[in-house]
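Undergrad: One structure follows; several queries about it will come next.
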Amino acid sequence: MLFNSFSFLIFFPIVTASYFICPHRFRWALLLMASCVFYMWFVPQYIFILLLLIVIDYAMGLLIEQARLKNRYARRYLIMSIAATCVVWFIFKYFNFFSSNIWALAGFFGVQYPLKLIRFLLPIGLSFHTLQSLSYVIEVYRGRQKAERHFGIYALYVMFYPQLVAGPIERPYHLIPQLRQKHEVDYQRITDALKLMAWGMFKKVVIADRLKDLVDRVFDNPHEFQGPAFVIAAVLFAFQIYCDFSGYCDMAIGSAKAMGFRLTNNFRFPFFSRSIAEYWTRWNITFFSWVKDYVYVPLCQNQFLRDKRWIAVFLAFLFSGFWHGADWTYILAFLLLGIYVVCSRGTCEIRQKIYQMIGLDRNNIFVQLWQVLTCFFLFSFFSFFYRARSLDESFDIISRLPQGWGHAWDQGRIFSGFDQRWWLLTVELIAFLLIMDLLQENAGDEFVFAKSPAWVRWTYYYGLVLAMVFWGCYGQNRFLYFQF
Amino acid sequence: MVKILFFLPILLLVAFVNISVDPQGLYDCQKDKSQQEEYGIAKTLASGQDIQIFKGLDENLLQKYFIEDLTAIPDILVLGSSQIMGLGDNVFPGQRIINNSITNAALPDYLGIFDGYVKRGWYPKRVIILLSPQLITLPLYHSKWLTVKEDVDDMLQRLGQRAGPIKPPVLSPVWLNVFSFSYFQESVKKLRDTQTKVPKGLCLLLHDGRCLWQKVSSMNSKDRDIKTPNYMKQAQMAWGLKTDQNLENTLEKFILYMKVHHEQVTFCLLPFHPKQYQWLLDSPWPKRMDIIKIENYYRKLGQRLGVKIVGSYDPALGGFTQDDFYDAMHLKNEVLEKIFVNN
């Protein structure tokens, strides 16, 4: 079920109301049932795969805990659990990638054999709930989380519908206790949740889906375009993916908040980052903190890599690339980010010295703006790999970036179907988004207009709803991150 | 919670605009027949004249009135969707052909249209019936046929077939659209278009029922290439996931009924755009549609009932390439003509 669908408009109030009506001891069952319905809306049969993963990791959690107490075999169970979870993940997500690459490599060396591919649709949200399951068994192994004895509560931890298909990726010690808590109806909390959901919906249907048409046109037909069109499309893609994914997260966090659950914030105004390293503490936060805690930190603790952290950075970004998709475009896109981060860290001192030499204050508004813009354009460049349909097309786009600047505004077709009114409105919407983000960043956790007079708040609410009425795209467009 | 009611004016505005502007004519069913645009257009066509249309019409209603106003029984009748709308007396000179195709036609559309002829006691010598996959797949793509529901029910009764999936949806699109934001946007667009400029012609309807889409034919080749991926996505969404036994039975009975009353029935399978056909073959489990299975079913049905079959879904079989298509779904008219001239 999509958050931006008519079915969710019915589903959400029914589930939320039933949650509060239902006696506390049955609430987990109600939520579990609702989560199953939510998941089965896509491909019902895939619930069995999810169930298999849940059973494996539930049992392994218990075994790991017992083994820890006896001080034996815990590591063995952990490896078995990770292996079992990753096998399912590998089969659905990576089998075709490895199979076709090995086949191509064998062909290169003159070994011919028929290519074996499996043709199954990737179970929706597989990568997200796999990481969530893995974090549970790892935390049990580390002793930071008690193994959950209640199967229903554990199943709900993996399947909790607001964050089931595209995050935020929760940690067991954050979510499981909340699943046991009794949440009361709280008017203020529910209205805050609805405001957050409306803002997320606005970002998705008004901005992201609006930009999608132009971005798809350019990236799906790269042979038709040249430099200026690619730059415009890359910049717009950065806003599209931000609005799409953060819009989804706002709706997920909001729908959980309405019932009293606090999910981890997944975005913290990434476009205001002043360095690439900072970017990843603001973008898809729960995923990158997962990578940091379970990939990067353990790698850094390794004897060999202790003094070669840049290798650990690359490996962490390589993992991120693989996680995003079984395609060379993702792998290269994230290796590029690895290069950014290593270069950013490596040149930190030199840049500091340059600032001192020319007497520039790092907190000067122009320096800040320069840093923010540099980060943004570096991120936009990353989309030439991330959004392109193949590696060939990525390199083709990059090689043609310098072309066509002499007649930048005379390229006609990028603008056909997108009239002056479309462009004007798009620029206004993006400006509005940035202003709202800036205000919200300064306001902290509190709603930006919380202390404003009623007329200001209501102008904002009305504006948001009217924007959705007049400019929203309601074609049941999926969220970009569902494909992972 | 009462504050939520403050948003009621917006919803009421949406409902008011949707019902009063009503760009698809969903709420003017009670209008007198003579006031309906479709009635006037049908009269013009039946009198042998061509007509330029500027907006989307209720095609089922148009076909119903068109058949009612025809003055003579056609020799050849074409039932199909937009893919075959270019077929007319250009291909069958000297014969009176009527093309009753409507866009995105599903099985109930065929039944409703055909009932118009049966009610007049007319049985054309030859019926060409386009077998698109959505005839036998669920869910039914649209419910446009509801405006001629009585005719569809009459035909089902004649076939001795229960309605099965051919029934109104639980939530009628008419009522869903009252508060629909996308319908509201369509209404606003209509208001703006009528106030600011004369709309471009949508299509030219010819006296034999052919429809020449002007937006499509005026599109240059590069624009078509750019639009193709979008069409492709739409087309991929358009077909149902699985075949339905009840729809298959209804189709079979419908063909048998035609066979009893007509001299010749011809099945037509039009090729898919090569890219789209490949996409369907490659699509992973659960498949949107098993195109080979559907074609095999139609072929076996044809053999069993002794019906001639023209064409194939597989573009490679007829040597069709991307250049033979206007977009991801529609063959160029000259290519369509060739298929029938050669068969």
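Identifiers for the structure tokens are assigned positionally: chains receive A, B, ... in sequence, residues are indexed from 1 per chain, and ligands are indexed from 1 in the order shown.
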What residues in stretch 94-178 of chain A get the DSSP label helix (DSSP H, G or I)? Please answer as a ChimeraX atom specification.

TA: /A:95-108,126-142,151-159,161-163,172-178

Undergrad: Go ahead and write the selection's residues with N, CA and C atoms as a compact mmCIF listing (two decimals), in the first residue's frame.

TA:
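Writing done, so here's out_7.txt:
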```txt
# COMPACT_ATOMS: atom_id res chain seq x y z
N PHE A 95 21.46 -12.25 -7.05
CA PHE A 95 21.79 -13.43 -7.83
C PHE A 95 22.00 -13.08 -9.31
N ASN A 96 21.04 -12.34 -9.88
CA ASN A 96 21.14 -12.01 -11.32
C ASN A 96 22.37 -11.16 -11.61
N PHE A 97 22.69 -10.26 -10.69
CA PHE A 97 23.84 -9.37 -10.88
C PHE A 97 25.12 -10.20 -10.96
N PHE A 98 25.32 -11.08 -9.98
CA PHE A 98 26.54 -11.87 -9.95
C PHE A 98 26.55 -12.88 -11.10
N SER A 99 25.37 -13.48 -11.33
CA SER A 99 25.30 -14.48 -12.39
C SER A 99 25.68 -13.87 -13.74
N SER A 100 25.11 -12.69 -14.06
CA SER A 100 25.39 -12.10 -15.38
C SER A 100 26.82 -11.58 -15.45
N ASN A 101 27.37 -11.10 -14.33
CA ASN A 101 28.76 -10.61 -14.38
C ASN A 101 29.76 -11.75 -14.51
N ILE A 102 29.49 -12.85 -13.81
CA ILE A 102 30.38 -14.01 -13.93
C ILE A 102 30.30 -14.58 -15.34
N TRP A 103 29.08 -14.61 -15.86
CA TRP A 103 28.86 -15.12 -17.22
C TRP A 103 29.63 -14.26 -18.24
N ALA A 104 29.56 -12.91 -18.04
CA ALA A 104 30.27 -12.02 -18.97
C ALA A 104 31.78 -12.19 -18.84
N LEU A 105 32.24 -12.36 -17.61
CA LEU A 105 33.68 -12.54 -17.36
C LEU A 105 34.16 -13.86 -17.98
N ALA A 106 33.35 -14.90 -17.80
CA ALA A 106 33.71 -16.20 -18.37
C ALA A 106 33.77 -16.10 -19.89
N GLY A 107 32.80 -15.38 -20.46
CA GLY A 107 32.78 -15.18 -21.91
C GLY A 107 34.03 -14.46 -22.39
N PHE A 108 34.49 -13.52 -21.59
CA PHE A 108 35.70 -12.76 -21.92
C PHE A 108 36.91 -13.69 -22.02
N LEU A 126 12.71 -5.31 1.05
CA LEU A 126 13.56 -6.40 1.54
C LEU A 126 14.85 -5.87 2.20
N SER A 127 15.48 -4.90 1.53
CA SER A 127 16.75 -4.40 2.04
C SER A 127 16.58 -3.70 3.38
N PHE A 128 15.42 -3.07 3.57
CA PHE A 128 15.20 -2.34 4.82
C PHE A 128 14.98 -3.30 5.98
N HIS A 129 14.04 -4.26 5.80
CA HIS A 129 13.78 -5.10 6.97
C HIS A 129 14.88 -6.13 7.19
N THR A 130 15.70 -6.37 6.14
CA THR A 130 16.86 -7.24 6.36
C THR A 130 17.83 -6.56 7.34
N LEU A 131 18.10 -5.27 7.10
CA LEU A 131 19.01 -4.56 8.00
C LEU A 131 18.44 -4.47 9.41
N GLN A 132 17.13 -4.28 9.49
CA GLN A 132 16.51 -4.18 10.81
C GLN A 132 16.64 -5.51 11.56
N SER A 133 16.44 -6.62 10.83
CA SER A 133 16.57 -7.95 11.46
C SER A 133 18.02 -8.17 11.89
N LEU A 134 18.95 -7.78 11.00
CA LEU A 134 20.37 -7.99 11.32
C LEU A 134 20.77 -7.19 12.56
N SER A 135 20.27 -5.96 12.65
CA SER A 135 20.67 -5.15 13.81
C SER A 135 20.16 -5.81 15.09
N TYR A 136 19.02 -6.50 15.02
CA TYR A 136 18.48 -7.17 16.21
C TYR A 136 19.44 -8.29 16.67
N VAL A 137 19.79 -9.20 15.74
CA VAL A 137 20.64 -10.32 16.18
C VAL A 137 22.03 -9.84 16.62
N ILE A 138 22.53 -8.80 15.94
CA ILE A 138 23.87 -8.29 16.32
C ILE A 138 23.81 -7.67 17.72
N GLU A 139 22.74 -6.92 17.99
CA GLU A 139 22.62 -6.29 19.31
C GLU A 139 22.43 -7.33 20.41
N VAL A 140 21.69 -8.40 20.09
CA VAL A 140 21.54 -9.48 21.08
C VAL A 140 22.92 -10.11 21.34
N TYR A 141 23.66 -10.31 20.29
CA TYR A 141 25.00 -10.89 20.41
C TYR A 141 25.92 -9.98 21.25
N ARG A 142 25.78 -8.68 21.00
CA ARG A 142 26.63 -7.74 21.74
C ARG A 142 26.15 -7.54 23.18
N PHE A 151 6.91 -13.74 20.40
CA PHE A 151 7.09 -13.81 18.93
C PHE A 151 6.35 -12.67 18.23
N GLY A 152 5.15 -12.38 18.71
CA GLY A 152 4.33 -11.34 18.09
C GLY A 152 5.01 -9.98 18.14
N ILE A 153 5.60 -9.66 19.29
CA ILE A 153 6.28 -8.36 19.44
C ILE A 153 7.50 -8.31 18.51
N TYR A 154 8.24 -9.45 18.44
CA TYR A 154 9.40 -9.45 17.54
C TYR A 154 8.95 -9.28 16.09
N ALA A 155 7.89 -10.02 15.72
CA ALA A 155 7.38 -9.93 14.34
C ALA A 155 6.96 -8.49 14.05
N LEU A 156 6.35 -7.85 15.03
CA LEU A 156 5.91 -6.47 14.84
C LEU A 156 7.11 -5.52 14.73
N TYR A 157 8.18 -5.83 15.44
CA TYR A 157 9.40 -5.01 15.33
C TYR A 157 9.90 -4.99 13.88
N VAL A 158 9.83 -6.15 13.23
CA VAL A 158 10.29 -6.20 11.83
C VAL A 158 9.23 -5.64 10.89
N MET A 159 7.97 -5.88 11.24
CA MET A 159 6.90 -5.58 10.28
C MET A 159 6.13 -4.30 10.53
N TYR A 161 4.11 -1.41 10.30
CA TYR A 161 3.80 -0.96 8.94
C TYR A 161 4.35 0.43 8.55
N PRO A 162 4.41 1.41 9.44
CA PRO A 162 4.89 2.70 8.94
C PRO A 162 6.32 2.65 8.38
N GLN A 163 7.15 1.77 8.96
CA GLN A 163 8.54 1.78 8.49
C GLN A 163 8.93 0.46 7.81
N PRO A 172 16.57 -2.23 17.69
CA PRO A 172 15.64 -2.95 18.58
C PRO A 172 15.44 -2.25 19.92
N TYR A 173 16.54 -1.68 20.48
CA TYR A 173 16.40 -1.05 21.80
C TYR A 173 15.61 0.25 21.74
N HIS A 174 15.37 0.76 20.55
CA HIS A 174 14.55 1.96 20.42
C HIS A 174 13.08 1.63 20.18
N LEU A 175 12.84 0.61 19.33
CA LEU A 175 11.45 0.33 18.94
C LEU A 175 10.75 -0.70 19.82
N ILE A 176 11.45 -1.78 20.18
CA ILE A 176 10.76 -2.87 20.90
C ILE A 176 10.12 -2.39 22.21
N PRO A 177 10.83 -1.60 23.04
CA PRO A 177 10.17 -1.14 24.27
C PRO A 177 8.90 -0.33 23.99
N GLN A 178 8.92 0.43 22.91
CA GLN A 178 7.74 1.23 22.57
C GLN A 178 6.55 0.36 22.20
```

Undergrad: Compile the contact shell of B:Gln95 as a PyMOL selection string: residues with an atom at most 12 Å away, counting only C-alpha atoms, same-chain residues fewer than 5 positions apart removed.

TA: chain B and resi 73-77+88-90+124-126+208

Undergrad: What does the distance between atom CA of A:Leu391 and atom CA of A:Leu332 come to in Å, to one decimal place?

TA: 8.6 Å

Undergrad: Counting only C-alpha atoms, give me one row per residue of chain A with an atom at most 6 Å from an atom of chain B, showing the shortest contact pair and its distance in Å to one decimal, sorted by chain then residue number, as a tab-separated table.

TA:
```
residue	atom	partner	partner_atom	distance
A:Arg119	CA	B:Pro284	CA	4.3
A:Phe120	CA	B:Trp285	CA	4.5
A:Leu121	CA	B:Pro284	CA	5.2
A:Val469	CA	B:Phe181	CA	5.2
A:Phe470	CA	B:Gln185	CA	6.0
```

Undergrad: Kindly save the residues from that selection, with N, CA, C and O atoms included, as a JSON list (two decimals), in the first residue's frame.

TA:
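Dumped everything to part39.json:
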```
[["chain", "number", "residue", "atom", "x", "y", "z"],
["A", 119, "ARG", "N", 13.81, -14.95, -12.41],
["A", 119, "ARG", "CA", 12.91, -13.83, -12.73],
["A", 119, "ARG", "C", 11.83, -13.69, -11.65],
["A", 119, "ARG", "O", 10.72, -14.14, -11.82],
["A", 120, "PHE", "N", 12.26, -13.10, -10.55],
["A", 120, "PHE", "CA", 11.32, -12.81, -9.48],
["A", 120, "PHE", "C", 11.37, -11.31, -9.21],
["A", 120, "PHE", "O", 12.44, -10.72, -9.24],
["A", 121, "LEU", "N", 10.22, -10.76, -8.94],
["A", 121, "LEU", "CA", 10.18, -9.35, -8.54],
["A", 121, "LEU", "C", 10.80, -9.24, -7.15],
["A", 121, "LEU", "O", 10.55, -10.11, -6.31],
["A", 469, "VAL", "N", -4.19, 20.31, -3.71],
["A", 469, "VAL", "CA", -5.40, 20.25, -4.54],
["A", 469, "VAL", "C", -5.08, 20.70, -5.97],
["A", 469, "VAL", "O", -5.44, 20.05, -6.94],
["A", 470, "PHE", "N", -4.37, 21.81, -6.09],
["A", 470, "PHE", "CA", -4.15, 22.39, -7.42],
["A", 470, "PHE", "C", -2.99, 21.76, -8.17],
["A", 470, "PHE", "O", -3.03, 21.62, -9.38]]
```

Undergrad: How far is it from atom CA of B:Asp290 to atom CA of B:Asp314, in Å with one decimal?

TA: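 According to the coordinates, atom CA of B:Asp290 and atom CA of B:Asp314 are separated by 12.6 Å.
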
Undergrad: For A:Ser255, find every residue with an atom within 8 Å (counting only C-alpha atoms), except residues of its own chain fewer than 2 positions away, and show them as a PyMOL selection string.

TA: chain A and resi 12+162+193-194+197+251-253+257-259

Undergrad: Deliver the residues from the most recent selection as a file, using N, CA, C and O atoms, as an mmCIF file, in the first residue's frame.

TA:
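Okay, part_34.cif is ready:
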```
data_model
loop_
_atom_site.group_PDB
_atom_site.id
_atom_site.type_symbol
_atom_site.label_atom_id
_atom_site.label_comp_id
_atom_site.auth_asym_id
_atom_site.auth_seq_id
_atom_site.Cartn_x
_atom_site.Cartn_y
_atom_site.Cartn_z
ATOM 1 N N PHE A 12 -5.365 4.239 7.149
ATOM 2 C CA PHE A 12 -4.723 4.933 8.276
ATOM 3 C C PHE A 12 -5.695 5.309 9.409
ATOM 4 O O PHE A 12 -5.463 4.938 10.566
ATOM 5 N N PRO A 162 4.413 1.411 9.436
ATOM 6 C CA PRO A 162 4.893 2.701 8.943
ATOM 7 C C PRO A 162 6.315 2.646 8.383
ATOM 8 O O PRO A 162 6.657 3.377 7.454
ATOM 9 N N ALA A 193 1.247 14.951 14.341
ATOM 10 C CA ALA A 193 1.487 13.847 13.397
ATOM 11 C C ALA A 193 0.830 14.139 12.054
ATOM 12 O O ALA A 193 1.437 13.944 11.000
ATOM 13 N N LEU A 194 -0.396 14.648 12.112
ATOM 14 C CA LEU A 194 -1.102 14.952 10.858
ATOM 15 C C LEU A 194 -0.402 16.061 10.081
ATOM 16 O O LEU A 194 -0.313 16.021 8.848
ATOM 17 N N MET A 197 2.558 14.522 8.408
ATOM 18 C CA MET A 197 2.136 13.715 7.264
ATOM 19 C C MET A 197 1.737 14.596 6.085
ATOM 20 O O MET A 197 2.045 14.287 4.932
ATOM 21 N N MET A 251 5.815 10.878 6.336
ATOM 22 C CA MET A 251 4.515 10.205 6.449
ATOM 23 C C MET A 251 4.626 8.973 7.349
ATOM 24 O O MET A 251 3.714 8.662 8.124
ATOM 25 N N ALA A 252 5.770 8.284 7.248
ATOM 26 C CA ALA A 252 5.974 7.097 8.093
ATOM 27 C C ALA A 252 6.056 7.518 9.561
ATOM 28 O O ALA A 252 5.367 6.951 10.425
ATOM 29 N N ILE A 253 6.866 8.543 9.829
ATOM 30 C CA ILE A 253 7.047 8.992 11.213
ATOM 31 C C ILE A 253 5.720 9.548 11.753
ATOM 32 O O ILE A 253 5.326 9.277 12.888
ATOM 33 N N LYS A 257 3.607 8.283 14.812
ATOM 34 C CA LYS A 257 3.444 9.255 15.899
ATOM 35 C C LYS A 257 1.975 9.390 16.318
ATOM 36 O O LYS A 257 1.676 9.565 17.501
ATOM 37 N N ALA A 258 1.085 9.296 15.341
ATOM 38 C CA ALA A 258 -0.342 9.403 15.664
ATOM 39 C C ALA A 258 -0.735 8.348 16.698
ATOM 40 O O ALA A 258 -1.627 8.576 17.516
ATOM 41 N N MET A 259 -0.069 7.185 16.660
ATOM 42 C CA MET A 259 -0.391 6.123 17.624
ATOM 43 C C MET A 259 0.525 6.192 18.851
ATOM 44 O O MET A 259 0.440 5.343 19.734
#
```

Undergrad: When you look at stretch 374-390 of chain A with a cut-off of 7 Å (counting only C-alpha atoms), what residues show up, excluding the ones that are within fewer than 3 positions of it in the same chain? I need them as a PyMOL selection string.

TA: chain A and resi 219+234-235+238+271+273-276+329-330+332-333+370-371+393-394

Undergrad: Kindly export the residues of the current selection with all heavy atoms, as a compact mmCIF listing (two decimals), in the first residue's frame.

TA:
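File result_14.txt, as written:
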```
# COMPACT_ATOMS: atom_id res chain seq x y z
N PHE A 219 16.80 11.58 -18.25
CA PHE A 219 17.62 10.40 -17.94
C PHE A 219 17.17 9.14 -18.70
O PHE A 219 17.95 8.22 -18.86
CB PHE A 219 17.65 10.13 -16.43
CG PHE A 219 18.59 11.03 -15.70
CD1 PHE A 219 18.13 12.10 -14.96
CD2 PHE A 219 19.96 10.83 -15.77
CE1 PHE A 219 19.00 12.94 -14.29
CE2 PHE A 219 20.85 11.67 -15.10
CZ PHE A 219 20.36 12.73 -14.37
N ALA A 234 19.97 16.95 -13.28
CA ALA A 234 20.67 16.45 -12.09
C ALA A 234 20.29 17.26 -10.86
O ALA A 234 20.07 16.70 -9.77
CB ALA A 234 22.18 16.50 -12.31
N VAL A 235 20.20 18.58 -11.03
CA VAL A 235 19.81 19.44 -9.90
C VAL A 235 18.39 19.10 -9.46
O VAL A 235 18.10 18.93 -8.27
CB VAL A 235 19.94 20.94 -10.30
CG1 VAL A 235 19.27 21.83 -9.28
CG2 VAL A 235 21.41 21.31 -10.46
N ALA A 238 18.11 15.86 -7.58
CA ALA A 238 18.50 15.95 -6.16
C ALA A 238 17.28 16.35 -5.32
O ALA A 238 17.02 15.77 -4.27
CB ALA A 238 19.62 16.97 -5.99
N PHE A 271 20.44 19.50 2.50
CA PHE A 271 20.95 20.50 1.55
C PHE A 271 21.63 21.68 2.23
O PHE A 271 22.15 22.56 1.57
CB PHE A 271 19.82 20.99 0.63
CG PHE A 271 19.32 19.92 -0.30
CD1 PHE A 271 18.01 19.90 -0.75
CD2 PHE A 271 20.17 18.91 -0.74
CE1 PHE A 271 17.56 18.91 -1.59
CE2 PHE A 271 19.73 17.91 -1.58
CZ PHE A 271 18.43 17.90 -2.01
N SER A 273 24.10 21.07 4.35
CA SER A 273 25.38 20.52 4.80
C SER A 273 26.53 21.37 4.26
O SER A 273 26.49 21.82 3.12
CB SER A 273 25.58 19.09 4.29
OG SER A 273 24.52 18.32 4.70
N ARG A 274 27.54 21.52 5.09
CA ARG A 274 28.69 22.32 4.67
C ARG A 274 29.86 21.44 4.27
O ARG A 274 30.90 21.94 3.82
CB ARG A 274 29.08 23.31 5.77
CG ARG A 274 28.03 24.40 5.92
CD ARG A 274 28.26 25.23 7.15
NE ARG A 274 29.54 25.91 7.12
CZ ARG A 274 30.05 26.56 8.15
NH1 ARG A 274 29.39 26.60 9.30
NH2 ARG A 274 31.22 27.15 8.05
N SER A 275 29.74 20.15 4.46
CA SER A 275 30.78 19.24 3.96
C SER A 275 30.12 17.93 3.59
O SER A 275 29.03 17.62 4.07
CB SER A 275 31.84 19.00 5.04
OG SER A 275 31.30 18.18 6.05
N ILE A 276 30.80 17.19 2.72
CA ILE A 276 30.25 15.90 2.26
C ILE A 276 30.12 14.94 3.44
O ILE A 276 29.15 14.19 3.53
CB ILE A 276 31.13 15.32 1.14
CG1 ILE A 276 30.84 16.08 -0.16
CG2 ILE A 276 30.90 13.85 0.95
CD1 ILE A 276 29.47 15.84 -0.77
N THR A 329 26.00 0.92 -11.58
CA THR A 329 25.75 2.37 -11.44
C THR A 329 25.71 2.76 -9.96
O THR A 329 26.30 3.76 -9.56
CB THR A 329 24.41 2.78 -12.09
OG1 THR A 329 23.39 1.91 -11.62
CG2 THR A 329 24.48 2.74 -13.59
N TYR A 330 25.04 1.95 -9.14
CA TYR A 330 24.97 2.25 -7.70
C TYR A 330 26.34 2.10 -7.04
O TYR A 330 26.73 2.91 -6.20
CB TYR A 330 23.98 1.31 -7.00
CG TYR A 330 22.55 1.56 -7.37
CD1 TYR A 330 21.81 0.60 -8.04
CD2 TYR A 330 21.94 2.77 -7.07
CE1 TYR A 330 20.48 0.83 -8.39
CE2 TYR A 330 20.62 3.01 -7.43
CZ TYR A 330 19.90 2.03 -8.08
OH TYR A 330 18.60 2.26 -8.44
N LEU A 332 29.30 2.38 -8.40
CA LEU A 332 30.18 3.48 -8.76
C LEU A 332 29.73 4.80 -8.11
O LEU A 332 30.57 5.60 -7.67
CB LEU A 332 30.24 3.64 -10.28
CG LEU A 332 31.65 3.44 -10.81
CD1 LEU A 332 32.02 1.97 -10.76
CD2 LEU A 332 31.80 3.98 -12.19
N ALA A 333 28.42 5.00 -8.05
CA ALA A 333 27.90 6.23 -7.43
C ALA A 333 28.38 6.33 -5.99
O ALA A 333 28.84 7.39 -5.54
CB ALA A 333 26.37 6.24 -7.48
N TRP A 370 29.05 29.14 -0.03
CA TRP A 370 29.96 28.48 -0.97
C TRP A 370 30.06 26.99 -0.63
O TRP A 370 29.97 26.12 -1.50
CB TRP A 370 31.34 29.14 -0.92
CG TRP A 370 32.44 28.34 -1.55
CD1 TRP A 370 33.42 27.67 -0.90
CD2 TRP A 370 32.63 28.09 -2.95
NE1 TRP A 370 34.24 27.02 -1.79
CE2 TRP A 370 33.78 27.26 -3.07
CE3 TRP A 370 31.98 28.49 -4.11
CZ2 TRP A 370 34.26 26.82 -4.30
CZ3 TRP A 370 32.46 28.05 -5.33
CH2 TRP A 370 33.58 27.23 -5.42
N GLN A 371 30.21 26.70 0.67
CA GLN A 371 30.33 25.30 1.09
C GLN A 371 29.05 24.52 0.81
O GLN A 371 29.09 23.39 0.29
CB GLN A 371 30.66 25.23 2.59
CG GLN A 371 32.07 25.70 2.91
CD GLN A 371 32.30 25.82 4.41
OE1 GLN A 371 31.41 26.17 5.15
NE2 GLN A 371 33.54 25.56 4.82
N GLU A 393 25.50 4.62 -20.12
CA GLU A 393 24.77 5.89 -20.22
C GLU A 393 25.36 6.92 -19.26
O GLU A 393 25.41 8.10 -19.58
CB GLU A 393 23.28 5.68 -19.95
CG GLU A 393 22.57 5.08 -21.14
CD GLU A 393 21.05 5.04 -21.00
OE1 GLU A 393 20.53 5.50 -19.97
OE2 GLU A 393 20.40 4.53 -21.93
N SER A 394 25.81 6.47 -18.08
CA SER A 394 26.44 7.41 -17.13
C SER A 394 27.64 8.09 -17.77
O SER A 394 27.76 9.32 -17.74
CB SER A 394 26.95 6.68 -15.89
OG SER A 394 25.92 6.08 -15.22
```
